[in-house]
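Taking it in order: structure first as structure tokens, then the write-up.
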Protein chains: 2
Amino acid sequence: MTADAGLPRRKFWGWGLEGEAATREERDRLLSALCLELGVSELQAVPPPRVEEFSLPAPRLRAPATLAPILTDDPRQRLVHAYGKSLPDSVRMFRRHAPAPPDLVAFPRDESDVAALLEWLDGESAAAIPFGGGSSVCGGVEPAVGEAYAAAVSVDLERLDRVLEVDAASLAARIQAGTRGPALEAQLKEHGLTLRHFPQSFEHSTLGGWIATRSGGHFATLATHIDDLVESLRAVTPSGVLETRRLPASGAGPSPERLLLGSEGTLGVITEAWMRVRRRPRFRAGASVRFAGFSRGADAVRALAQSELYPANCRLIDAEEAEAAGAGGGGALLVLGFESADHPLEPWLQRALEIVRDFGGSIAGGSGGSSAEAGGGRSGQSSSSERSTREDAAGAWRRAFLRAPYFRELLTPRGVISDTFETAVTWSGFETLYQGVLERMDRAFREITGRPGRLTCRFTHVYPDGPAPYFSFRVHSTLDAMLEQWREIKAAANEAVVSLGGTITHHHAVGRDHRPGWEQERSPLFGEALRAAKAALDPHGILNPGVLIEPSDRSVGVTGALAP
Amino acid sequence: MTADAGLPRRKFWGWGLEGEAATREERDRLLSALCLELGVSELQAVPPPRVEEFSLPAPRLRAPATLAPILTDDPRQRLVHAYGKSLPDSVRMFRRHAPAPPDLVAFPRDESDVAALLEWLDGESAAAIPFGGGSSVCGGVEPAVGEAYAAAVSVDLERLDRVLEVDAASLAARIQAGTRGPALEAQLKEHGLTLRHFPQSFEHSTLGGWIATRSGGHFATLATHIDDLVESLRAVTPSGVLETRRLPASGAGPSPERLLLGSEGTLGVITEAWMRVRRRPRFRAGASVRFAGFSRGADAVRALAQSELYPANCRLIDAEEAEAAGAGGGGALLVLGFESADHPLEPWLQRALEIVRDFGGSIAGGSGGSSAEAGGGRSGQSSSSERSTREDAAGAWRRAFLRAPYFRELLTPRGVISDTFETAVTWSGFETLYQGVLERMDRAFREITGRPGRLTCRFTHVYPDGPAPYFSFRVHSTLDAMLEQWREIKAAANEAVVSLGGTITHHHAVGRDHRPGWEQERSPLFGEALRAAKAALDPHGILNPGVLIEPSDRSVGVTGALAP
């Protein structure tokens, strides 16, 4: 079979493509820090797994002749599609444990292939697992569908990777769902446009995945989620194609886009969308600001979020996280930035700096200053003399942010539990949630692993009515013990954010791992309504069973990473 | 029965309360214009109807003792709740034609009353018609439910009229659904806060109605719809209470608020919501700008909408409409305004004026200038010498806008078909839609009434990817002929906006009158999903049958104003 001919070879046990990895320098710095934490001079690591080390179950389904060109049972591809990229996914790969990979992997070439696949699978009582970049960190692409299904087939949209149409007047572009971040931006750049949606997974996640999971992107205010950038979309369901109309806005009935946004492959396979794009920014203004403590910084960020100045970047990072990213310097760090394709931003920045000073913020290395990008026609403000200092701090943090996913394959084989969880909460509820999470997680790390953990916090996005706190943690364990310990830690984290008033996820989606938390957070009646809507679109429940929506009429035997 | 004791007496045949009407001056100006158009010196008018002129059918349902205190069969209240405030509603009242008023009207005092009502009506196979301010212009509150229901009861939330709680840190307030605009703003003002949502119906519409119909408000950009201001809500359904969690944002599954937003009383009775409020604006800057023609003005507005300057006001009004509102002066008029509680806005306005000048706009009466409101602590820019001229043009138009609903009771009894319809469309589709609407409606007026009509256009809201054009029209008819002629004109307007790429409604909701257009606009599969969701929340289909969702298992005999 050659269904995957010509496609890049993706790492099945780690982030990115085969051959991609942390640099020598990144690796050395990380391992030194780990050794220091443990007081040892070296850490033993299990080598990465090879395909031959897995004995995969035989595929339970055979491709019909018409679909054979787009289906494969290649063991490597089955492993690539067996898990997402969460910590338990990594652990199970390093343990050479993948008992339920997809029986087959499909690479549809167009929407009609997707429709033909769903029709076939519906008839076979086989599950379809929509697969974008496979970067899920909550069990969203795992084919753990249980015995009620005859088989499970991953539907990888990698071949649907083009920008099909650009409407320059309306600043909109029609883009195929399988398009990954870099390819999407490269194609838009030819038109002087950008989607400007940069989740941490940007390099290896897709437009369709972003829409299906309501991903959070570049902008700290306003268009934080992909939701706001979707003008219309098309999805293939077992009942037919659902297409929404291209409209800048409507007040006609409940929004159809909003039903598909966050549906995580359970209501349909998103094949393309008209996206709101923008002209590439030519003006920037920014500053780094230091605060004595995180809570004081949070007060300043609240004032900024309520100012209607709408900074593009407004990321508050606690002292420990800034230090770890090489942007240390004492206190919490606020990375503040404005950007525009239309106008210089000095008045915006100056007012923002007045606000942060009112809350005791000190501008690290000067006031930043506006800058026009190279190639911009309009003249920007000149940069301040200390601009490079600011860019060093902010830039160092951002580089570390984008590289972080590559570190997991260094951490897992050394028994280090390193993970993140995130939420959003009102400003009035924030301090209680923040202190509660710190206390509960500190206790959880000690009780579950017998060791202290390190937990850091930042705000990824901020709203007038509350922030989106993002927690990162690390605690030492062993490859043998870490999966079970992670489960207990994850349960504690889920319980903490939801019981303290937050949402189970601001932008990591629900998948399998957050389903219990989501069911706690949302009204049971909304669950009923959603299940009913699913039954109308997917009568036999073949779409991503076990994810997001609690199965009602089929018992799902395997529930993913959370189940022992 | 005294269920309505102490409540204001609402006009059943016109806008507002009994005793409220157009001023003598407004009346004289309007009637003069009408006479001029017809070339007559006087227009005969049918007098307003009196309750005694209607012979209402006997109520088919008797209030049980427990609910008697909140139910009434008072004929005046039944007439108040028989229709909304659309043109056909007005005509039918002036014709003394109200064959299907609600059997009873309920005035629940709290959420438990609402729950008890729904439980009783569900058991009686009677329809429940949620009623806020009753300002629907699309048949959204008409109890035209047909013979499949034992009766119909309007559920008027007027007594749920309080701001229950304010979270000043998060800029949010918990508000009961029956609270009308002025009462809502007055209660928030005590806290220095405002919702700042001012639909044209503001005085006589409610928060719950705004949410149920996705109303459009004050802001021309960003928070245009009430959707963006809803933090969480509670709704009573026949299956129980659906409450969503207070969160600034979430990425967990499809948004539950977005299912209820625009549900028009078909999924539940919204009883309260946590709303995002803001500090009252202290700084303003604005200008009036003239353009040679509407299309040229549209180009400038597109540039403004794509500039990310986010004006609060950016209403483009065509020359004829500006003239009619007493803000004439040649050419299209752009009313441009910025406002902020945080900072002076001169840089925002100056850049916006650069943009409009690039498109040939001339600043009518100077550049406007910033102004700090009385009582604002921070000093604003001083006003320009010609600011009063600008405020005259913009102010005149705004006053006319808010007074317009009072004119219907002058127009209908004189046989004048005066109505509006509105849409939203991409920028690339706008010119085709605009020219197409002008041509088709001109032909429709002549063919249907034998006379030319006058049709004007403005943009009420604008987005980076398209405007929301709002059309007003007037054509002379007679009280006897106008309902049937309106039906044909309305059908032509519906057909025009949808077939030319727009939405059937940007902020007037779907109701009964826009249902055919909405069914044309949206995917049938989305309709199936919505119907399924409704069945989960409202298994016997008692909530507002015939509105929004095409009935599936009950035949609805009466379909409102569109049916002969």
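Labeling convention for the structure tokens: chains A, B, ... as they appear, residues from 1 per chain, ligands from 1 in order of appearance.
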At a cut-off of 6 Å, which residues of chain A touch chain B? Count only C-alpha atoms and give the answer as a PyMOL selection string. chain A and resi 169-171+214+242-243+247-248+250-254+259+261-263+307+342+425-428+465-466+505-507+509-510+523+525+529+532-533+536
Any idea what's packed within 12 Å of Pro57 in chain A, counting only C-alpha atoms, ignoring anything in its chain fewer than 3 positions away? Could you give it as a PyMOL selection string? chain A and resi 54+60-61+73+75+78-79+97-104+151
So that I can check the secondary structure, give me every residue of range 15-176 of chain B assigned alpha helix (DSSP H) by backbone DSSP, as a ChimeraX atom specification. /B:24-38,75-80,87-94,111-124
Quick one: residues within 12 Å of Leu17 in chain B, only C-alpha atoms counted, chain neighbours fewer than 2 positions away excluded, as a PyMOL selection string? chain B and resi 7-15+19-22+80+133+203-204+406
Selection: 12 Å around Gln435 in chain B, only C-alpha atoms, excl. self and same-chain fewer than 2 positions, as a PyMOL selection string: chain B and resi 294-295+429-433+437-442+455-457+469+496-497+500
Output as a ChimeraX atom specification all residues of range 243-420 of chain B that backbone DSSP marks as strand (DSSP E or B). /B:243,269-276,278-279,283-291,313-317,332-340,362-364,370-372,416-420
Distance criterion (only C-alpha atoms): nearest to Gly217 in chain A out of A:Arg487, A:His191, A:Arg234, A:Arg196: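 With only C-alpha atoms as the atom set, the closest residue is A:Arg196.
Across A:Ala273, A:Val356, A:Ala220, A:Ala177, the tightest approach to Ala287 in chain A is made by A:Val356 when counting only C-alpha atoms.
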Report, in Å to a single decimal, how far apart CA of Phe401 in chain A and CA of Glu158 in chain A are. 24.8 Å
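Atom pair CA of Phe459 in chain B / CA of Leu316 in chain B has a distance of 5.1 Å (rounded to one decimal).
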